[in-house]
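Student: Sharing my_file_32.cif (mmCIF, C-alpha atoms and all ligand atoms) below.
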```cif
data_query
loop_
_atom_site.label_atom_id
_atom_site.label_comp_id
_atom_site.auth_asym_id
_atom_site.auth_seq_id
_atom_site.Cartn_x
_atom_site.Cartn_y
_atom_site.Cartn_z
CA MET A 1 48.69 70.72 -80.01
CA ASP A 2 49.83 71.72 -83.51
CA ARG A 3 47.98 74.97 -83.15
CA LEU A 4 49.76 75.78 -79.89
CA ILE A 5 53.18 74.88 -81.30
CA LYS A 6 52.57 77.08 -84.35
CA LEU A 7 51.59 79.89 -82.03
CA LEU A 8 54.74 79.48 -79.92
CA ASN A 9 56.94 79.69 -82.98
CA LYS A 10 55.54 83.00 -84.13
CA ASP A 11 57.90 85.98 -83.68
CA LYS A 12 55.06 88.39 -83.14
CA LYS A 13 51.65 87.52 -81.77
CA MET A 14 48.39 89.47 -81.86
CA VAL A 15 46.90 89.14 -78.39
CA VAL A 16 43.75 90.53 -76.82
CA GLY A 17 43.76 91.18 -73.06
CA LEU A 18 40.38 91.32 -71.28
CA MET A 19 39.69 92.71 -67.84
CA SER A 20 36.74 93.87 -65.82
CA GLY A 21 37.60 95.32 -62.43
CA THR A 22 35.77 96.09 -59.21
CA SER A 23 34.24 99.28 -60.69
CA ILE A 24 32.16 97.18 -63.15
CA ASP A 25 32.45 100.11 -65.55
CA GLY A 26 32.79 98.01 -68.69
CA ILE A 27 35.07 95.32 -70.10
CA ASP A 28 38.53 96.66 -70.83
CA CYS A 29 39.78 95.19 -74.07
CA ALA A 30 43.32 95.77 -75.35
CA LEU A 31 44.61 94.52 -78.69
CA VAL A 32 48.41 94.27 -78.54
CA GLU A 33 51.31 92.91 -80.51
CA ILE A 34 53.67 90.89 -78.32
CA GLU A 35 57.20 89.96 -79.28
CA GLY A 36 59.23 87.48 -77.24
CA SER A 37 58.46 86.38 -73.68
CA GLY A 38 59.83 86.70 -70.13
CA LEU A 39 62.41 89.46 -69.69
CA ASN A 40 62.56 89.88 -73.48
CA THR A 41 58.86 90.76 -73.78
CA LYS A 42 58.08 93.72 -76.03
CA VAL A 43 54.51 95.03 -76.25
CA ASN A 44 52.86 97.44 -78.62
CA LEU A 45 49.27 98.59 -77.97
CA LEU A 46 47.27 98.66 -81.21
CA LYS A 47 43.83 99.52 -79.85
CA PHE A 48 41.97 99.94 -76.59
CA TYR A 49 38.21 99.57 -76.31
CA ASN A 50 35.93 99.65 -73.26
CA HIS A 51 32.96 97.39 -73.99
CA PRO A 52 29.92 98.75 -72.12
CA ILE A 53 28.20 96.73 -69.41
CA SER A 54 24.48 97.55 -69.15
CA LEU A 55 23.14 98.88 -65.87
CA GLU A 56 21.04 95.71 -65.62
CA LEU A 57 24.07 93.44 -65.93
CA LYS A 58 26.02 95.61 -63.48
CA ARG A 59 23.21 95.22 -60.93
CA ASP A 60 23.14 91.45 -61.50
CA ILE A 61 26.90 91.26 -60.97
CA LEU A 62 26.69 93.30 -57.76
CA LYS A 63 23.85 91.04 -56.61
CA ALA A 64 25.91 87.93 -57.38
CA CYS A 65 28.76 89.40 -55.28
CA SER A 66 26.53 89.95 -52.26
CA ILE A 67 26.39 87.25 -49.58
CA THR A 68 22.79 88.07 -48.72
CA GLN A 69 21.39 88.55 -52.24
CA SER A 70 23.33 86.06 -54.36
CA SER A 71 22.02 82.72 -55.60
CA VAL A 72 23.54 79.68 -57.30
CA GLU A 73 21.16 80.17 -60.24
CA LEU A 74 22.38 83.75 -60.72
CA ILE A 75 26.06 82.82 -60.48
CA CYS A 76 25.63 79.93 -62.93
CA ARG A 77 23.74 82.10 -65.46
CA LEU A 78 26.13 85.04 -65.16
CA ASN A 79 29.18 82.84 -65.82
CA PHE A 80 27.97 82.23 -69.38
CA LYS A 81 26.43 85.68 -69.84
CA ILE A 82 29.70 87.41 -68.89
CA GLY A 83 31.60 84.99 -71.14
CA GLU A 84 29.35 86.09 -74.01
CA GLU A 85 29.96 89.77 -73.25
CA PHE A 86 33.72 89.19 -73.13
CA ALA A 87 33.51 87.44 -76.52
CA GLU A 88 31.45 90.36 -77.89
CA ALA A 89 34.17 92.74 -76.73
CA VAL A 90 36.76 90.78 -78.76
CA LEU A 91 34.57 90.70 -81.88
CA LYS A 92 33.97 94.43 -81.54
CA ILE A 93 37.64 95.39 -81.17
CA CYS A 94 38.47 93.34 -84.29
CA GLU A 95 35.73 95.18 -86.15
CA LEU A 96 36.99 98.56 -84.91
CA VAL A 97 40.51 97.96 -86.23
CA GLY A 98 39.24 96.22 -89.36
CA ILE A 99 40.83 92.82 -88.83
CA ASN A 100 39.43 89.31 -88.95
CA CYS A 101 39.12 87.33 -85.71
CA ASN A 102 41.41 84.71 -87.28
CA ASP A 103 44.20 87.28 -87.24
CA VAL A 104 44.18 87.25 -83.43
CA ASP A 105 46.45 84.54 -82.01
CA LEU A 106 45.47 84.54 -78.38
CA ILE A 107 43.12 85.98 -75.73
CA GLY A 108 44.10 86.52 -72.09
CA SER A 109 40.97 86.92 -69.96
CA HIS A 110 40.83 87.90 -66.31
CA GLY A 111 37.05 87.63 -66.02
CA GLN A 112 34.91 89.34 -63.42
CA THR A 113 35.65 88.67 -59.77
CA ILE A 114 32.57 87.50 -57.92
CA TYR A 115 34.12 86.54 -54.63
CA HIS A 116 37.56 86.35 -53.10
CA ILE A 117 38.61 84.62 -49.90
CA PRO A 118 42.34 85.40 -49.47
CA GLN A 119 44.58 82.30 -49.43
CA ASN A 120 41.50 80.09 -49.48
CA SER A 121 39.52 80.44 -52.71
CA THR A 122 38.68 82.94 -55.42
CA LEU A 123 36.03 82.99 -58.14
CA GLN A 124 36.20 84.84 -61.45
CA MET A 125 33.35 84.51 -63.94
CA GLY A 126 33.20 84.81 -67.72
CA GLU A 127 33.36 81.27 -69.04
CA ALA A 128 36.47 80.79 -71.18
CA SER A 129 34.77 78.02 -73.19
CA VAL A 130 32.16 80.52 -74.33
CA ILE A 131 34.85 83.02 -75.35
CA ALA A 132 36.72 80.30 -77.29
CA GLU A 133 33.53 79.05 -78.99
CA LYS A 134 32.29 82.48 -80.01
CA THR A 135 35.61 83.82 -81.27
CA GLY A 136 37.45 80.68 -82.41
CA ILE A 137 40.57 82.08 -80.75
CA ALA A 138 42.78 80.26 -78.21
CA VAL A 139 42.07 81.56 -74.70
CA VAL A 140 44.06 81.66 -71.47
CA ALA A 141 41.80 82.49 -68.53
CA ASP A 142 41.25 82.14 -64.81
CA PHE A 143 44.71 83.13 -63.63
CA ARG A 144 44.20 83.83 -59.96
CA VAL A 145 43.12 80.34 -58.84
CA ARG A 146 46.53 78.76 -59.48
CA ASP A 147 48.30 81.25 -57.23
CA VAL A 148 45.69 80.69 -54.50
CA ALA A 149 46.12 76.91 -54.91
CA ALA A 150 49.84 77.50 -54.30
CA GLY A 151 49.04 79.23 -51.01
CA GLY A 152 48.98 82.81 -52.34
CA HIS A 153 46.45 85.62 -52.22
CA GLY A 154 45.89 85.34 -55.98
CA ALA A 155 46.57 89.08 -56.08
CA PRO A 156 48.05 91.33 -57.18
CA LEU A 157 48.98 89.81 -60.55
CA VAL A 158 49.93 92.92 -62.54
CA PRO A 159 53.31 93.52 -60.77
CA TYR A 160 54.93 90.61 -62.67
CA THR A 161 54.14 92.33 -65.98
CA GLU A 162 55.25 95.68 -64.55
CA TYR A 163 58.66 94.23 -63.75
CA LEU A 164 58.94 93.00 -67.35
CA LEU A 165 58.00 96.39 -68.79
CA TYR A 166 59.12 99.15 -66.38
CA ARG A 167 62.25 97.92 -64.54
CA ASN A 168 65.00 100.54 -64.60
CA SER A 169 68.64 100.43 -63.45
CA TYR A 170 68.73 104.09 -62.45
CA LYS A 171 65.26 104.97 -61.16
CA THR A 172 63.02 103.66 -58.40
CA ILE A 173 59.52 103.60 -59.82
CA ALA A 174 56.15 103.45 -58.03
CA LEU A 175 53.32 102.36 -60.31
CA GLN A 176 50.08 103.59 -58.77
CA ASN A 177 46.86 102.19 -60.17
CA ILE A 178 43.62 103.98 -59.32
CA GLY A 179 40.76 101.68 -60.22
CA GLY A 180 37.91 100.96 -57.81
CA ILE A 181 40.66 100.31 -55.27
CA GLY A 182 44.09 101.95 -55.24
CA ASN A 183 47.19 99.79 -55.40
CA VAL A 184 50.89 100.42 -55.81
CA THR A 185 53.80 98.40 -57.17
CA VAL A 186 57.30 99.48 -56.20
CA ILE A 187 60.23 98.57 -58.44
CA PRO A 188 63.43 99.68 -56.71
CA LYS A 189 66.20 100.74 -59.11
CA GLY A 190 68.25 97.86 -60.47
CA CYS A 191 66.25 95.31 -58.45
CA GLY A 192 65.75 91.62 -59.14
CA ILE A 193 62.26 90.27 -59.75
CA ASN A 194 61.97 89.10 -56.14
CA GLU A 195 62.57 92.58 -54.74
CA VAL A 196 59.42 94.01 -56.31
CA TYR A 197 56.73 94.72 -53.74
CA ALA A 198 53.11 95.77 -54.01
CA PHE A 199 50.07 96.43 -51.87
CA ASP A 200 46.63 98.06 -51.87
CA THR A 201 46.64 101.67 -50.68
CA GLY A 202 42.90 101.93 -49.94
CA PRO A 203 40.04 103.35 -51.97
CA GLY A 204 40.61 104.33 -55.59
CA ASN A 205 37.47 105.65 -57.27
CA MET A 206 35.13 103.42 -55.28
CA MET A 207 33.92 105.91 -52.68
CA ILE A 208 33.80 108.81 -55.16
CA ASP A 209 31.73 106.69 -57.59
CA ALA A 210 29.29 105.51 -54.90
CA ILE A 211 28.67 109.02 -53.59
CA VAL A 212 28.31 110.61 -57.03
CA GLU A 213 25.93 107.86 -58.14
CA LYS A 214 23.82 108.33 -55.02
CA ILE A 215 23.73 112.14 -55.19
CA THR A 216 22.77 112.18 -58.88
CA ASN A 217 20.23 109.36 -58.52
CA GLY A 218 22.25 107.14 -60.83
CA LYS A 219 22.50 109.76 -63.61
CA MET A 220 26.27 109.95 -63.21
CA ARG A 221 28.35 106.88 -62.45
CA PHE A 222 31.51 108.88 -61.59
CA ASP A 223 32.82 112.42 -61.13
CA GLU A 224 33.73 113.31 -64.74
CA GLU A 225 37.21 114.86 -64.71
CA GLY A 226 36.76 115.63 -61.00
CA LYS A 227 34.54 118.63 -61.79
CA LEU A 228 32.10 118.07 -58.91
CA ALA A 229 34.96 117.75 -56.43
CA SER A 230 36.59 120.93 -57.72
CA LYS A 231 33.51 122.93 -56.69
CA GLY A 232 33.83 121.99 -53.01
CA LYS A 233 36.32 122.35 -50.19
CA ILE A 234 37.70 120.07 -47.53
CA ASN A 235 35.54 119.41 -44.49
CA THR A 236 38.06 118.75 -41.70
CA LYS A 237 35.66 116.82 -39.47
CA LEU A 238 34.80 114.38 -42.27
CA LEU A 239 38.44 114.09 -43.28
CA SER A 240 39.52 113.25 -39.70
CA GLU A 241 36.83 110.57 -39.50
CA LEU A 242 37.92 109.01 -42.82
CA MET A 243 41.59 109.09 -41.86
CA LEU A 244 40.82 106.96 -38.80
CA HIS A 245 40.02 104.03 -41.11
CA PRO A 246 42.27 101.21 -39.85
CA PHE A 247 43.23 100.05 -43.36
CA ILE A 248 45.32 103.17 -44.07
CA ILE A 249 47.83 102.53 -41.27
CA LYS A 250 47.83 98.74 -41.57
CA ASN A 251 51.22 97.25 -42.47
CA PRO A 252 51.62 95.74 -45.96
CA PRO A 253 51.18 93.30 -47.56
CA LYS A 254 47.50 94.19 -47.45
CA THR A 255 44.47 94.03 -49.73
CA THR A 256 41.07 95.62 -49.55
CA GLY A 257 37.85 95.81 -51.57
CA ARG A 258 34.19 96.57 -51.72
CA GLU A 259 33.70 95.07 -48.25
CA GLU A 260 35.61 97.95 -46.64
CA PHE A 261 35.15 100.94 -48.97
CA GLY A 262 32.04 100.01 -51.00
CA LEU A 263 28.46 101.20 -51.09
CA GLU A 264 27.60 100.53 -47.47
CA TYR A 265 30.52 102.52 -46.03
CA SER A 266 30.21 105.37 -48.55
CA GLU A 267 26.45 105.81 -48.14
CA LYS A 268 26.75 105.83 -44.35
CA ILE A 269 29.32 108.64 -44.58
CA LEU A 270 27.19 110.56 -47.10
CA GLU A 271 24.04 110.34 -45.03
CA LYS A 272 25.75 111.35 -41.79
CA TYR A 273 27.39 114.47 -43.23
CA LEU A 274 24.43 115.56 -45.37
CA ASN A 275 22.40 115.40 -42.15
CA SER A 276 24.86 117.75 -40.48
CA ASN A 277 24.48 120.23 -43.33
CA VAL A 278 27.76 119.63 -45.16
CA SER A 279 27.23 120.39 -48.87
CA GLU A 280 27.31 117.65 -51.51
CA SER A 281 30.30 119.22 -53.24
CA ASP A 282 32.25 119.52 -49.97
CA ILE A 283 31.60 115.82 -49.32
CA ILE A 284 32.82 114.87 -52.80
CA ASN A 285 35.86 117.14 -52.46
CA THR A 286 36.74 115.65 -49.06
CA VAL A 287 36.29 112.05 -50.19
CA THR A 288 38.48 112.82 -53.22
CA TYR A 289 41.11 114.36 -50.92
CA PHE A 290 40.89 111.32 -48.65
CA THR A 291 41.49 109.07 -51.67
CA ALA A 292 44.58 111.13 -52.63
CA THR A 293 45.98 111.43 -49.14
CA SER A 294 45.43 107.76 -48.28
CA ILE A 295 47.67 106.91 -51.22
CA CYS A 296 50.35 109.40 -50.16
CA GLU A 297 50.16 108.44 -46.49
CA ASN A 298 50.90 104.85 -47.50
CA TYR A 299 53.96 106.06 -49.45
CA ARG A 300 55.24 108.05 -46.44
CA LYS A 301 54.74 105.18 -43.99
CA PHE A 302 55.63 102.12 -46.04
CA ILE A 303 57.91 103.20 -48.91
CA LEU A 304 59.68 106.50 -48.28
CA LEU A 305 60.93 105.42 -44.85
CA LYS A 306 62.83 102.63 -46.64
CA HIS A 307 64.02 104.37 -49.81
CA ASP A 308 63.42 107.30 -52.15
CA ILE A 309 61.01 107.20 -55.08
CA ASP A 310 62.22 108.83 -58.31
CA GLU A 311 59.03 108.51 -60.28
CA VAL A 312 55.36 107.78 -59.65
CA ILE A 313 53.43 106.66 -62.73
CA ILE A 314 49.64 106.69 -62.30
CA SER A 315 47.22 104.46 -64.24
CA GLY A 316 43.58 103.36 -64.10
CA GLY A 317 40.41 105.38 -64.59
CA GLY A 318 41.29 107.66 -61.66
CA THR A 319 43.97 109.23 -63.87
CA TYR A 320 41.16 111.11 -65.62
CA ASN A 321 39.94 112.71 -62.37
CA LYS A 322 41.90 115.98 -62.58
CA THR A 323 41.09 117.07 -59.03
CA LEU A 324 42.36 113.77 -57.64
CA ILE A 325 45.59 113.93 -59.64
CA ARG A 326 46.21 117.57 -58.65
CA MET A 327 45.80 116.61 -54.97
CA ILE A 328 48.27 113.71 -55.30
CA LYS A 329 50.84 115.93 -57.02
CA GLU A 330 50.53 118.55 -54.28
CA GLU A 331 51.03 115.93 -51.56
CA LEU A 332 54.05 114.37 -53.24
CA LYS A 333 56.02 117.56 -53.92
CA GLY A 334 59.62 116.75 -54.88
CA ILE A 335 58.68 113.46 -56.57
CA ASN A 336 58.10 113.32 -60.32
CA VAL A 337 54.42 112.31 -60.64
CA LEU A 338 53.43 111.22 -64.15
CA THR A 339 50.52 109.44 -65.80
CA GLN A 340 50.81 106.57 -68.31
CA GLU A 341 49.88 109.11 -71.01
CA ASP A 342 52.86 111.30 -69.98
CA ILE A 343 55.16 108.41 -70.94
CA GLY A 344 53.30 107.64 -74.17
CA LEU A 345 51.20 104.74 -72.85
CA SER A 346 47.55 104.36 -71.84
CA SER A 347 46.15 104.55 -68.28
CA GLU A 348 42.91 102.80 -69.12
CA ALA A 349 44.53 99.99 -71.14
CA LYS A 350 47.26 99.02 -68.68
CA GLU A 351 45.51 96.21 -66.78
CA ALA A 352 44.03 94.63 -69.92
CA VAL A 353 47.51 94.73 -71.50
CA ALA A 354 48.82 92.97 -68.38
CA PHE A 355 46.45 90.03 -68.95
CA ALA A 356 47.57 89.74 -72.58
CA ILE A 357 51.16 89.46 -71.30
CA LEU A 358 50.23 86.94 -68.58
CA ALA A 359 48.52 84.80 -71.25
CA ASN A 360 51.61 84.95 -73.45
CA GLU A 361 53.74 83.88 -70.49
CA ALA A 362 51.35 80.99 -69.74
CA ILE A 363 51.59 79.49 -73.23
CA HIS A 364 55.39 79.81 -73.08
CA GLY A 365 55.31 77.88 -69.80
CA ASN A 366 56.84 80.76 -67.84
CA ALA A 367 55.93 81.07 -64.19
CA ASN A 368 53.94 84.31 -64.08
CA ASN A 369 53.14 84.95 -60.44
CA LEU A 370 55.43 86.77 -57.98
CA PRO A 371 55.47 84.68 -54.77
CA ASN A 372 57.10 87.58 -52.98
CA VAL A 373 54.09 89.73 -53.76
CA THR A 374 51.21 87.22 -53.56
CA GLU A 375 52.76 85.20 -50.70
CA ALA A 376 52.38 81.96 -52.68
CA ASN A 377 54.65 79.09 -51.64
CA LYS A 378 56.23 78.92 -55.07
CA SER A 379 56.34 80.23 -58.62
CA VAL A 380 53.59 78.76 -60.80
CA VAL A 381 52.25 79.12 -64.32
CA MET A 382 48.86 80.76 -63.90
CA GLY A 383 46.09 80.49 -66.47
CA LYS A 384 43.96 77.68 -67.95
CA ILE A 385 44.68 77.20 -71.63
CA MET A 386 41.82 76.52 -74.02
CA TYR A 387 42.28 76.09 -77.75
N1 LIG A 401 36.78 110.88 -67.39
C1 LIG A 401 36.83 110.46 -66.13
N2 LIG A 401 36.80 111.37 -65.11
C2 LIG A 401 36.84 110.95 -63.82
N3 LIG A 401 36.91 109.67 -63.43
C3 LIG A 401 36.96 108.73 -64.41
C4 LIG A 401 36.93 109.05 -65.79
N4 LIG A 401 36.98 107.92 -66.52
C5 LIG A 401 37.05 106.91 -65.61
N5 LIG A 401 37.02 107.37 -64.35
C6 LIG A 401 37.02 106.63 -63.08
O1 LIG A 401 37.68 105.39 -63.29
C7 LIG A 401 36.85 104.30 -62.84
C8 LIG A 401 37.19 103.06 -63.64
O2 LIG A 401 38.54 102.79 -63.48
P1 LIG A 401 39.16 101.38 -63.82
O3 LIG A 401 40.63 101.58 -63.86
O4 LIG A 401 38.48 100.81 -65.01
O5 LIG A 401 38.75 100.59 -62.50
P2 LIG A 401 38.42 99.04 -62.29
O6 LIG A 401 39.70 98.32 -62.55
O7 LIG A 401 37.98 98.97 -60.86
O8 LIG A 401 37.34 98.70 -63.27
C9 LIG A 401 35.44 104.82 -63.03
O9 LIG A 401 34.54 104.12 -62.22
C10 LIG A 401 35.61 106.28 -62.65
O10 LIG A 401 35.56 106.43 -61.27
MG MG A 402 37.20 99.13 -65.25
#
```
What does this structure look like when you write it as C-alpha cells?
Ligand SMILES: Nc1ncnc2c1ncn2[C@@H]1O[C@H](COP(=O)(O)OP(=O)(O)O)[C@@H](O)[C@H]1O
Ligand SMILES: [Mg+2]

Tutor:
Amino acid sequence: MDRLIKLLNKDKKMVVGLMSGTSIDGIDCALVEIEGSGLNTKVNLLKFYNHPISLELKRDILKACSITQSSVELICRLNFKIGEEFAEAVLKICELVGINCNDVDLIGSHGQTIYHIPQNSTLQMGEASVIAEKTGIAVVADFRVRDVAAGGHGAPLVPYTEYLLYRNSYKTIALQNIGGIGNVTVIPKGCGINEVYAFDTGPGNMMIDAIVEKITNGKMRFDEEGKLASKGKINTKLLSELMLHPFIIKNPPKTTGREEFGLEYSEKILEKYLNSNVSESDIINTVTYFTATSICENYRKFILLKHDIDEVIISGGGTYNKTLIRMIKEELKGINVLTQEDIGLSSEAKEAVAFAILANEAIHGNANNLPNVTEANKSVVMGKIMY
C-alpha cells in the first residue's frame, strides 16, 4: 500500500500505456508524463514505440479469436505469451529513451481482445501478473470487464480521456479514429461530460488490409500511404453493393468488428469482383472510398442533422493512408479536417496514451467510464490494480 500512496502523492508520473487493437499490427506503447488527474489531467508524450508482433503470433491470435478454430489450450497459452510481449514492449521503450524501468511509475494495459459479447462478457488477454513480474512496475489492466459488469458494452473507453483532453468551449469537435474499425467521438462545444457521444462508423483499415494482404500473398499487410488505391478508380457497381451494408445506416449507439467487416466479408467481395474482371487497383480504390464515405455518411445522418461540427481530428493508423484522408476531406468540404499531427500530437500513439490516462484515473479512484457512451448502469472505476 505504501508504494501506491507514494505514487499518488507524486506531482508528475511516468506512465506507459499499452494497446493492441483489432488490426493486430503490433503493440502500441506510449511513454507519457501525467500531471494531475480528472479534469486537471495534463499529458506529455515522451516516446511512442510500436512493438512488432510476429506473423506466427498474429495467426495464433486470429485463431484464438475464431469460434471454429480456437481452443482452451491456445487461449491459456496466449494469455501468458501476450503478457510477455507486452512486458517486452515496456522494456524496449525504456531502452529506447535511455531510462531505467524503475523510473516508470505505472503501466496501463488494454491487452488484446480475444472475444467480446456486448453487455454480457468480454475477454482481453495479456496477463497483467506477467507484465508486473517482468517489469517490476505497478500495472493497471483489464479495464473493459468492469464496465460490462455494470451493464455496459465495455466500449468505447477512449471518449472519457478525449473529454479530459480535447473539450472546448467554442468548438464542436469530432474525433475520428481509423484503426481496424472506424469510430467517432463527438464533443459538442461547452458540453458536460455526459453530453459526449460516440459510436463505430464501420470499417477503418480492416477491409483495405484484408484485400491488400490477399492480393500480395501476404507480402504487404496494408496499403502503404494509400499508393495502391491511388492507382485505381471507383467501380460504381461494387460501391453500390458495399453501401447496402446494413451497419452504415443503423442508428447509434452501435459497434462493429471483424465479424462484419473482417476477412470473410472482404475476401468474398474481392473474389466476386475479380471474377467479373474488375482490376485489383479499382477494387482497392473502391474499398478505400467506401471506408471514407461510410464515415462521412454516418456524420451526415447521425451528427450533422443535430448540430454543426467545427473540427474533425483524425487518428489511428488510417491517418497515414493519404488516399483515404484525401477522400474524407473531399466529402466533408466546409468542415476543418485535421490529423493529430496537424495539432502537434500523434495519430498512432493516441489510444495507447488513453490507456495510460485510464490507469492514472484508476489509481486515483476516479470513475473512468462514460455510462452515457457505454450504456453502463453507473459510473465505475475500471481497471485491476497490480503492484
Ligand atoms: N504508412 C501507412 N500507410 C497506410 N496505412 C497505414 C500506415 N501505417 C498504418 N496504417 C494502417 O493502420 C492500421 C493500424 O492502425 P491502428 O490504429 O494501429 O489500428 P488498431 O487499433 O486496429 O490496431 C494498419 O493495419 C494499416 O492499415
Ligand atoms: Mg494497432

Student: Which residues of chain A come within 6 Å of ligand MG 402 (chain A), and what is each one's closest atom pair and distance in Å (one decimal), counting only C-alpha atoms and all ligand atoms, sorted by chain and residue number, as CSV?

Tutor:
```
residue,atom,partner,partner_atom,distance
A:Ser20,CA,A:MG402,MG,5.3
A:Gly21,CA,A:MG402,MG,4.8
A:Ser23,CA,A:MG402,MG,5.4
A:Ile24,CA,A:MG402,MG,5.8
A:Asp25,CA,A:MG402,MG,4.9
A:Gly26,CA,A:MG402,MG,5.7
```

Student: So that each row is one residue of chain A with an atom at most 8 Å from ligand LIG 401 (chain A), can you give its shortest atom pair and the distance in Å to one decimal, using only C-alpha atoms and all ligand atoms, rows by chain and rising number, as CSV?

Tutor:
```
residue,atom,partner,partner_atom,distance
A:Met19,CA,A:LIG401,O6,7.7
A:Ser20,CA,A:LIG401,O8,5.5
A:Gly21,CA,A:LIG401,O8,3.5
A:Thr22,CA,A:LIG401,O7,4.0
A:Ser23,CA,A:LIG401,O7,3.8
A:Ile24,CA,A:LIG401,O8,5.4
A:Asp25,CA,A:LIG401,O8,5.6
A:Gly26,CA,A:LIG401,O8,7.1
A:Ile27,CA,A:LIG401,O8,8.0
A:Asp28,CA,A:LIG401,O4,7.1
A:Asn177,CA,A:LIG401,O3,7.3
A:Ile178,CA,A:LIG401,O3,5.9
A:Gly179,CA,A:LIG401,O5,3.2
A:Gly180,CA,A:LIG401,O7,3.6
A:Ile181,CA,A:LIG401,O7,6.3
A:Gly204,CA,A:LIG401,O10,7.9
A:Asn205,CA,A:LIG401,O10,4.5
A:Met206,CA,A:LIG401,O10,6.7
A:Ile208,CA,A:LIG401,O10,6.8
A:Asp209,CA,A:LIG401,O10,5.3
A:Arg221,CA,A:LIG401,O9,6.8
A:Phe222,CA,A:LIG401,O10,4.7
A:Asp223,CA,A:LIG401,C2,5.1
A:Glu224,CA,A:LIG401,N2,3.7
A:Glu225,CA,A:LIG401,N2,3.5
A:Gly226,CA,A:LIG401,C2,5.5
A:Ser315,CA,A:LIG401,O3,7.2
A:Gly316,CA,A:LIG401,O3,3.5
A:Gly317,CA,A:LIG401,O1,3.0
A:Gly318,CA,A:LIG401,O1,4.6
A:Thr319,CA,A:LIG401,C3,7.0
A:Tyr320,CA,A:LIG401,N2,4.4
A:Asn321,CA,A:LIG401,C2,3.8
A:Lys322,CA,A:LIG401,C2,7.2
A:Ser347,CA,A:LIG401,O3,7.7
A:Glu348,CA,A:LIG401,O3,5.9
A:Glu351,CA,A:LIG401,O6,7.5
```

Student: Taking into account all atoms listed in the file, which residue in the set A:Ser279, A:Ser230, A:Thr201, A:Ser379 is nearest to A:Thr293?

Tutor: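 Closest to A:Thr293 of all the choices is A:Thr201.
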
Student: Using all atoms listed in the file for the distances, tell me which of A:Asn217, A:Asn251, A:Ser281, A:Ser346 is nearest to A:Tyr49.

Tutor: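 Of all the options, A:Ser346 lies closest to A:Tyr49.
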
Student: Of the candidates A:Thr339, A:Gln119, A:Asn275, A:Asn79, which one gets nearest to A:Gly154 if we count all atoms listed in the file?

Tutor: A:Gln119

Student: Reconstruct N, CA and C atoms of stretch 147-160 of chain A; output as a short mmCIF file (atom, residue, chain, number, x, y, z; two decimals), keeping the file's coordinate frame.

Tutor:
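Contents of out.cif, freshly written:
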```cif
data_model
loop_
_atom_site.label_atom_id
_atom_site.label_comp_id
_atom_site.auth_asym_id
_atom_site.auth_seq_id
_atom_site.Cartn_x
_atom_site.Cartn_y
_atom_site.Cartn_z
N ASP A 147 47.49 80.64 -58.28
CA ASP A 147 48.30 81.25 -57.23
C ASP A 147 47.70 80.95 -55.85
N VAL A 148 46.37 81.00 -55.77
CA VAL A 148 45.69 80.69 -54.50
C VAL A 148 45.93 79.22 -54.14
N ALA A 149 45.87 78.34 -55.15
CA ALA A 149 46.12 76.91 -54.91
C ALA A 149 47.54 76.70 -54.40
N ALA A 150 48.45 77.60 -54.76
CA ALA A 150 49.84 77.50 -54.30
C ALA A 150 50.05 78.30 -53.01
N GLY A 151 48.95 78.60 -52.33
CA GLY A 151 49.04 79.23 -51.01
C GLY A 151 49.06 80.75 -51.04
N GLY A 152 48.90 81.35 -52.22
CA GLY A 152 48.98 82.81 -52.34
C GLY A 152 47.63 83.49 -52.20
N HIS A 153 47.67 84.82 -52.27
CA HIS A 153 46.45 85.62 -52.22
C HIS A 153 45.76 85.68 -53.58
N GLY A 154 46.47 85.24 -54.63
CA GLY A 154 45.89 85.34 -55.98
C GLY A 154 45.86 86.78 -56.45
N ALA A 155 46.53 87.65 -55.73
CA ALA A 155 46.57 89.08 -56.08
C ALA A 155 47.75 89.74 -55.35
N PRO A 156 48.30 90.80 -55.85
CA PRO A 156 48.05 91.33 -57.18
C PRO A 156 48.85 90.58 -58.25
N LEU A 157 48.31 90.55 -59.47
CA LEU A 157 48.98 89.81 -60.55
C LEU A 157 49.72 90.73 -61.54
N VAL A 158 49.32 92.00 -61.56
CA VAL A 158 49.93 92.92 -62.54
C VAL A 158 51.43 93.18 -62.29
N PRO A 159 51.90 93.19 -61.01
CA PRO A 159 53.31 93.52 -60.77
C PRO A 159 54.32 92.69 -61.59
N TYR A 160 54.01 91.41 -61.85
CA TYR A 160 54.93 90.61 -62.67
C TYR A 160 55.14 91.27 -64.03
#
```
